Amino acid sequence: DFAAEKGLSANSYNRLYNWLWTNFGDYNFRTFDDKIDGSITLGYEAQQSKTSLHSGVGNVLPANSSIVYPVPAVPTTASLSGSDYSFTSVFSRAQFNFLNRYSLSGSLRRDASSRFGANNRNGTFWSVGAAWNIDQEEFFSNSGILSALKLRASYGVNGNAGIGNYDWRSVFSFSTTYNGEPGSFQNSIGNNNLTWEQNKPFDVGLEIGVLDNRISLEADYYIRKTENLLLNEPLSATGGFTTYSNNVGAMENKGFEFTLNATPMSSRNFSWNII
C-alpha cells in the first residue's frame with residue numbers, strides 16, 4: 001500500500017557501450033598469363049563492450065504531484081552493477097583459382113578473449129577448402145543434359161566463447177551488510193584453465209545442374225566434432241557451490257544434407273521457382 005508509505009519512487013539508469021575497431025588490407029592478383037588469379041587478406045580487429053546499471057528506490061514523497069522528479073525523504077534501496085568483456089583478433093585469408101577449374105582457399109586467425117582464464121586466453125583457428133569445377137573441363141562439353149558439375153570439400157577449426165563475462169574468475173559480491181558494516185560473499189569459484197570450445201566441421205559436397213540449371217541439386221556429407229565443451233560441471237554442495245564452468249566432454253554430429261531447386265517456368269515477365 002503506497003499510500004501508507006506516502007508514495008514510492010523508483011529510478012534506474014542503464015547504459016551499454018560497444019567499441020569495434022577493424023582494419024584489413026586486400027591484395028588481388030593475376031599471374032601466369034591470367035591462368036591463376038587470387039586474393040590475400042590480412043587484418044586486425046578489437047572489440048570492447050561495457051554495461052552499467054544504476055537504480056534506486058525510496059518512499060515518503062512530496063505532496064505536490066506536479067514535481068517531475070521528486071526526491072524521496074526515505075531512500076530504501078540503491079544498487080550499482082556493471083560488466084565488460086573484450087576480444088582481439090589477427091586474421092588472414094587467401095584464395096587461389098586456376099583457369100576457373102580448380103580453387104583453393106584457406107584462413108588462419110588468432111583470437112584472445114577476456115572471458116577465459118589467463119592461462120588459456122588465446123586460441124588459434126583455421127580452415128582449408130578446395131573445389132573442382134568439372135563443368136569447365138574440355139571433356140564435359142559433350143555431357144548431354146548436365147549443365148553444371150562441381151565437387152568441393154572443406155575442413156577447419158573455429159572457436160566458441162559464448163559464456164558469461166566472468167565465469168573464469170572467483171567473483172565476490174558486495175551487496176550485503178554484516179553487523180552494520182559493508183559485507184560480501186563469494187558468488188563463484190572460477191577456473192583459471194577455462195578456454196575456448198572448439199568446433200571442427202568437415203564437409204564434402206557435389207553440386208549438379210541439369211537443363212541449363214533449371215534443376216539444381218546440392219548433396220553434402222558432413223561431420224561436425226565439438227571438443228572442450230563449455231558446460232557447468234557439477235560439484236558437491238558441501239563446498240557451498242553446486243556447479244562451476246569447465247571444458248568437459250565432446251560430441252559429434254554427422255549426416256547427409258540435400259538441397260533441390262527447380263525453375264519449371266521462366267519468361268521475360270514471369271518466373272516460377274521451387275526451392
# chains A, B, ... in the order shown; residues from 1 in each chain; ligands from 1
$ select_by_dssp --residues "stretch 29-272 of chain A" --states "helix (DSSP H, G or I)" --output "list in words"
Ile134, Asp135, Gln136, Glu138, Phe139, Phe140, Ser141, Asn142, Ala237, Thr238 and Gly239 of chain A
$ select_by_dssp --residues "stretch 76-265 of chain A" --states "strand (DSSP E or B)" --output "PyMOL selection string"
chain A and resi 76-98+102-113+122-133+146-160+172-178+181-186+197-210+215-227+230-234+243-247+250-265
$ closest_atom_pairs --of "stretch 192-246 of chain A" --to "stretch 112-118 of chain A" --cutoff "9 Å" --atoms "only C-alpha atoms" --output "JSON lines"
{"residue": "A:Asn192", "atom": "CA", "partner": "A:Gly117", "partner_atom": "CA", "distance": 4.3}
{"residue": "A:Asn193", "atom": "CA", "partner": "A:Gly117", "partner_atom": "CA", "distance": 5.6}
{"residue": "A:Leu194", "atom": "CA", "partner": "A:Gly117", "partner_atom": "CA", "distance": 5.5}
{"residue": "A:Thr195", "atom": "CA", "partner": "A:Phe116", "partner_atom": "CA", "distance": 5.4}
{"residue": "A:Trp196", "atom": "CA", "partner": "A:Phe116", "partner_atom": "CA", "distance": 7.5}
$ write_last_selection --atoms "N, CA, C and O atoms" --output "tab-separated table (two decimals), in the first residue's frame"
chain	number	residue	atom	x	y	z
A	192	ASN	N	40.78	-20.88	-13.70
A	192	ASN	CA	41.84	-20.23	-14.48
A	192	ASN	C	42.19	-20.99	-15.75
A	192	ASN	O	42.83	-20.42	-16.65
A	193	ASN	N	41.80	-22.25	-15.84
A	193	ASN	CA	42.13	-23.06	-17.03
A	193	ASN	C	41.01	-23.07	-18.06
A	193	ASN	O	41.11	-23.77	-19.08
A	194	LEU	N	39.94	-22.32	-17.84
A	194	LEU	CA	38.84	-22.27	-18.79
A	194	LEU	C	39.32	-21.71	-20.12
A	194	LEU	O	40.03	-20.71	-20.16
A	195	THR	N	38.93	-22.35	-21.24
A	195	THR	CA	39.43	-21.94	-22.55
A	195	THR	C	38.37	-22.12	-23.62
A	195	THR	O	37.22	-22.50	-23.33
A	196	TRP	N	38.73	-21.90	-24.86
A	196	TRP	CA	37.81	-21.91	-25.99
A	196	TRP	C	37.22	-23.29	-26.23
A	196	TRP	O	37.90	-24.30	-26.15
$ residues_around --residues "A:Ser86" --least-positions-apart "2" --cutoff "10 Å" --atoms "only C-alpha atoms" --output "PyMOL selection string"
chain A and resi 18-20+46-50+84+88+112-115+165
$ write_last_selection --atoms "all heavy atoms" --output "short mmCIF file (atom, residue, chain, number, x, y, z; two decimals), in the first residue's frame"
data_model
loop_
_atom_site.label_atom_id
_atom_site.label_comp_id
_atom_site.auth_asym_id
_atom_site.auth_seq_id
_atom_site.Cartn_x
_atom_site.Cartn_y
_atom_site.Cartn_z
N ASN A 18 29.65 -0.13 -26.73
CA ASN A 18 30.32 -1.16 -27.52
C ASN A 18 31.24 -0.48 -28.54
O ASN A 18 30.79 0.32 -29.36
CB ASN A 18 29.29 -2.04 -28.24
CG ASN A 18 29.94 -3.25 -28.90
OD1 ASN A 18 30.47 -4.12 -28.22
ND2 ASN A 18 29.91 -3.29 -30.22
N TRP A 19 32.53 -0.77 -28.46
CA TRP A 19 33.51 -0.24 -29.39
C TRP A 19 34.05 -1.37 -30.26
O TRP A 19 34.43 -2.43 -29.76
CB TRP A 19 34.68 0.40 -28.64
CG TRP A 19 34.32 1.61 -27.84
CD1 TRP A 19 34.31 2.91 -28.25
CD2 TRP A 19 33.94 1.63 -26.46
NE1 TRP A 19 33.93 3.75 -27.24
CE2 TRP A 19 33.69 2.99 -26.12
CE3 TRP A 19 33.76 0.65 -25.49
CZ2 TRP A 19 33.30 3.38 -24.85
CZ3 TRP A 19 33.35 1.04 -24.23
CH2 TRP A 19 33.13 2.38 -23.91
N LEU A 20 34.09 -1.14 -31.56
CA LEU A 20 34.59 -2.14 -32.51
C LEU A 20 35.52 -1.44 -33.49
O LEU A 20 35.13 -0.45 -34.13
CB LEU A 20 33.43 -2.79 -33.25
CG LEU A 20 33.80 -3.89 -34.27
CD1 LEU A 20 34.48 -5.06 -33.57
CD2 LEU A 20 32.57 -4.36 -35.03
N ALA A 46 39.52 -5.41 -32.94
CA ALA A 46 39.43 -5.31 -31.48
C ALA A 46 38.02 -4.87 -31.11
O ALA A 46 37.42 -4.02 -31.78
CB ALA A 46 40.45 -4.31 -30.94
N GLN A 47 37.49 -5.46 -30.04
CA GLN A 47 36.15 -5.12 -29.56
C GLN A 47 36.16 -5.03 -28.05
O GLN A 47 36.77 -5.84 -27.36
CB GLN A 47 35.13 -6.18 -29.99
CG GLN A 47 33.71 -5.89 -29.52
CD GLN A 47 32.74 -7.01 -29.84
OE1 GLN A 47 33.14 -8.10 -30.21
NE2 GLN A 47 31.45 -6.75 -29.68
N GLN A 48 35.46 -4.01 -27.53
CA GLN A 48 35.27 -3.87 -26.09
C GLN A 48 33.84 -3.46 -25.82
O GLN A 48 33.30 -2.57 -26.49
CB GLN A 48 36.23 -2.85 -25.50
CG GLN A 48 36.18 -2.78 -23.98
CD GLN A 48 37.16 -1.78 -23.41
OE1 GLN A 48 37.33 -0.69 -23.93
NE2 GLN A 48 37.82 -2.14 -22.32
N SER A 49 33.21 -4.11 -24.86
CA SER A 49 31.82 -3.82 -24.52
C SER A 49 31.70 -3.64 -23.01
O SER A 49 32.29 -4.39 -22.24
CB SER A 49 30.92 -4.96 -25.00
OG SER A 49 29.57 -4.70 -24.69
N LYS A 50 30.93 -2.62 -22.61
CA LYS A 50 30.71 -2.34 -21.20
C LYS A 50 29.24 -2.04 -20.96
O LYS A 50 28.58 -1.40 -21.77
CB LYS A 50 31.54 -1.14 -20.73
CG LYS A 50 33.04 -1.38 -20.71
CD LYS A 50 33.76 -0.15 -20.15
CE LYS A 50 35.26 -0.40 -20.06
NZ LYS A 50 35.99 0.77 -19.48
N ASP A 84 31.86 -6.13 -18.28
CA ASP A 84 32.56 -5.79 -19.52
C ASP A 84 33.26 -7.03 -20.07
O ASP A 84 33.46 -8.03 -19.37
CB ASP A 84 33.58 -4.67 -19.28
CG ASP A 84 34.71 -5.09 -18.35
OD1 ASP A 84 34.47 -5.98 -17.51
OD2 ASP A 84 35.81 -4.55 -18.46
N THR A 88 40.27 -9.52 -29.05
CA THR A 88 41.23 -9.04 -30.04
C THR A 88 41.52 -10.18 -31.01
O THR A 88 41.58 -11.35 -30.59
CB THR A 88 42.54 -8.55 -29.41
OG1 THR A 88 43.13 -9.62 -28.64
CG2 THR A 88 42.30 -7.35 -28.50
N ALA A 112 41.89 -13.67 -28.92
CA ALA A 112 42.04 -13.61 -27.47
C ALA A 112 40.77 -13.02 -26.88
O ALA A 112 40.20 -12.08 -27.44
CB ALA A 112 43.24 -12.77 -27.07
N SER A 113 40.31 -13.59 -25.75
CA SER A 113 39.08 -13.13 -25.12
C SER A 113 39.27 -12.99 -23.63
O SER A 113 39.88 -13.85 -22.97
CB SER A 113 37.94 -14.13 -25.40
OG SER A 113 36.78 -13.79 -24.66
N SER A 114 38.72 -11.91 -23.08
CA SER A 114 38.78 -11.69 -21.64
C SER A 114 37.88 -12.64 -20.87
O SER A 114 37.92 -12.68 -19.64
CB SER A 114 38.39 -10.25 -21.31
OG SER A 114 37.04 -10.00 -21.67
N ARG A 115 37.04 -13.41 -21.57
CA ARG A 115 36.12 -14.34 -20.91
C ARG A 115 36.81 -15.62 -20.44
O ARG A 115 36.18 -16.44 -19.78
CB ARG A 115 34.97 -14.69 -21.85
CG ARG A 115 34.03 -13.53 -22.09
CD ARG A 115 32.94 -13.90 -23.06
NE ARG A 115 31.91 -12.86 -23.14
CZ ARG A 115 30.90 -12.85 -23.98
NH1 ARG A 115 30.79 -13.84 -24.86
NH2 ARG A 115 30.02 -11.87 -23.98
N ASN A 165 30.73 -13.29 -18.78
CA ASN A 165 31.95 -12.47 -18.85
C ASN A 165 32.96 -12.81 -17.78
O ASN A 165 34.16 -12.58 -17.96
CB ASN A 165 31.58 -10.99 -18.74
CG ASN A 165 30.78 -10.50 -19.93
OD1 ASN A 165 30.86 -11.07 -21.02
ND2 ASN A 165 29.99 -9.46 -19.73
#
$ residues_around --residues "stretch 96-110 of chain A" --least-positions-apart "6" --cutoff "9 Å" --atoms "only C-alpha atoms" --output "number ranges by chain"
A: 34-40, 88-90, 122-137, 156
$ residues_around --residues "stretch 204-207 of chain A" --least-positions-apart "2" --cutoff "9 Å" --atoms "only C-alpha atoms" --output "tab-separated table (two decimals) with N, CA and C atoms, in the first residue's frame"
chain	number	residue	atom	x	y	z
A	148	ALA	N	25.98	-28.21	-65.20
A	148	ALA	CA	26.93	-27.80	-64.16
A	148	ALA	C	27.29	-29.00	-63.30
A	149	LEU	N	28.55	-29.05	-62.90
A	149	LEU	CA	29.01	-30.13	-62.03
A	149	LEU	C	30.23	-29.63	-61.25
A	150	LYS	N	30.13	-29.68	-59.94
A	150	LYS	CA	31.19	-29.15	-59.08
A	150	LYS	C	31.38	-30.05	-57.87
A	151	LEU	N	32.62	-30.34	-57.55
A	151	LEU	CA	32.98	-31.13	-56.38
A	151	LEU	C	33.77	-30.23	-55.43
A	152	ARG	N	33.41	-30.24	-54.14
A	152	ARG	CA	34.07	-29.37	-53.17
A	152	ARG	C	34.22	-30.07	-51.83
A	153	ALA	N	35.18	-29.59	-51.03
A	153	ALA	CA	35.43	-30.14	-49.70
A	153	ALA	C	36.06	-29.07	-48.83
A	154	SER	N	35.82	-29.15	-47.52
A	154	SER	CA	36.39	-28.18	-46.59
A	154	SER	C	36.55	-28.81	-45.22
A	155	TYR	N	37.51	-28.25	-44.47
A	155	TYR	CA	37.74	-28.68	-43.08
A	155	TYR	C	38.34	-27.51	-42.32
A	202	PHE	N	33.80	-30.82	-40.96
A	202	PHE	CA	34.28	-31.35	-42.24
A	202	PHE	C	33.08	-31.50	-43.16
A	209	GLY	N	23.88	-29.35	-61.93
A	209	GLY	CA	22.89	-28.57	-62.65
A	209	GLY	C	22.43	-29.30	-63.89
A	216	SER	N	18.64	-27.88	-60.08
A	216	SER	CA	19.95	-27.95	-59.42
A	216	SER	C	19.84	-28.76	-58.13
A	217	LEU	N	20.88	-29.50	-57.84
A	217	LEU	CA	20.93	-30.35	-56.65
A	217	LEU	C	22.26	-30.17	-55.96
A	218	GLU	N	22.21	-29.99	-54.63
A	218	GLU	CA	23.41	-29.97	-53.80
A	218	GLU	C	23.31	-31.12	-52.80
A	219	ALA	N	24.32	-31.96	-52.79
A	219	ALA	CA	24.38	-33.10	-51.88
A	219	ALA	C	25.64	-32.99	-51.03
A	220	ASP	N	25.48	-33.03	-49.71
A	220	ASP	CA	26.62	-32.86	-48.79
A	220	ASP	C	26.64	-33.99	-47.77
A	221	TYR	N	27.87	-34.38	-47.43
A	221	TYR	CA	28.10	-35.26	-46.29
A	221	TYR	C	28.96	-34.49	-45.31
A	222	TYR	N	28.55	-34.42	-44.04
A	222	TYR	CA	29.25	-33.59	-43.07
A	222	TYR	C	29.52	-34.37	-41.78
$ atom_distance --atom1 "atom CA of A:Gly162" --atom2 "atom CA of A:Gln198"
11.6 Å
$ atom_distance --atom1 "atom CA of A:Thr259" --atom2 "atom CA of A:Ser271"
19.7 Å
$ closest_residue --among "A:Leu53, A:Ala161, A:Gln186, A:Met251" --to "A:Gly239" --atoms "only C-alpha atoms"
A:Gln186
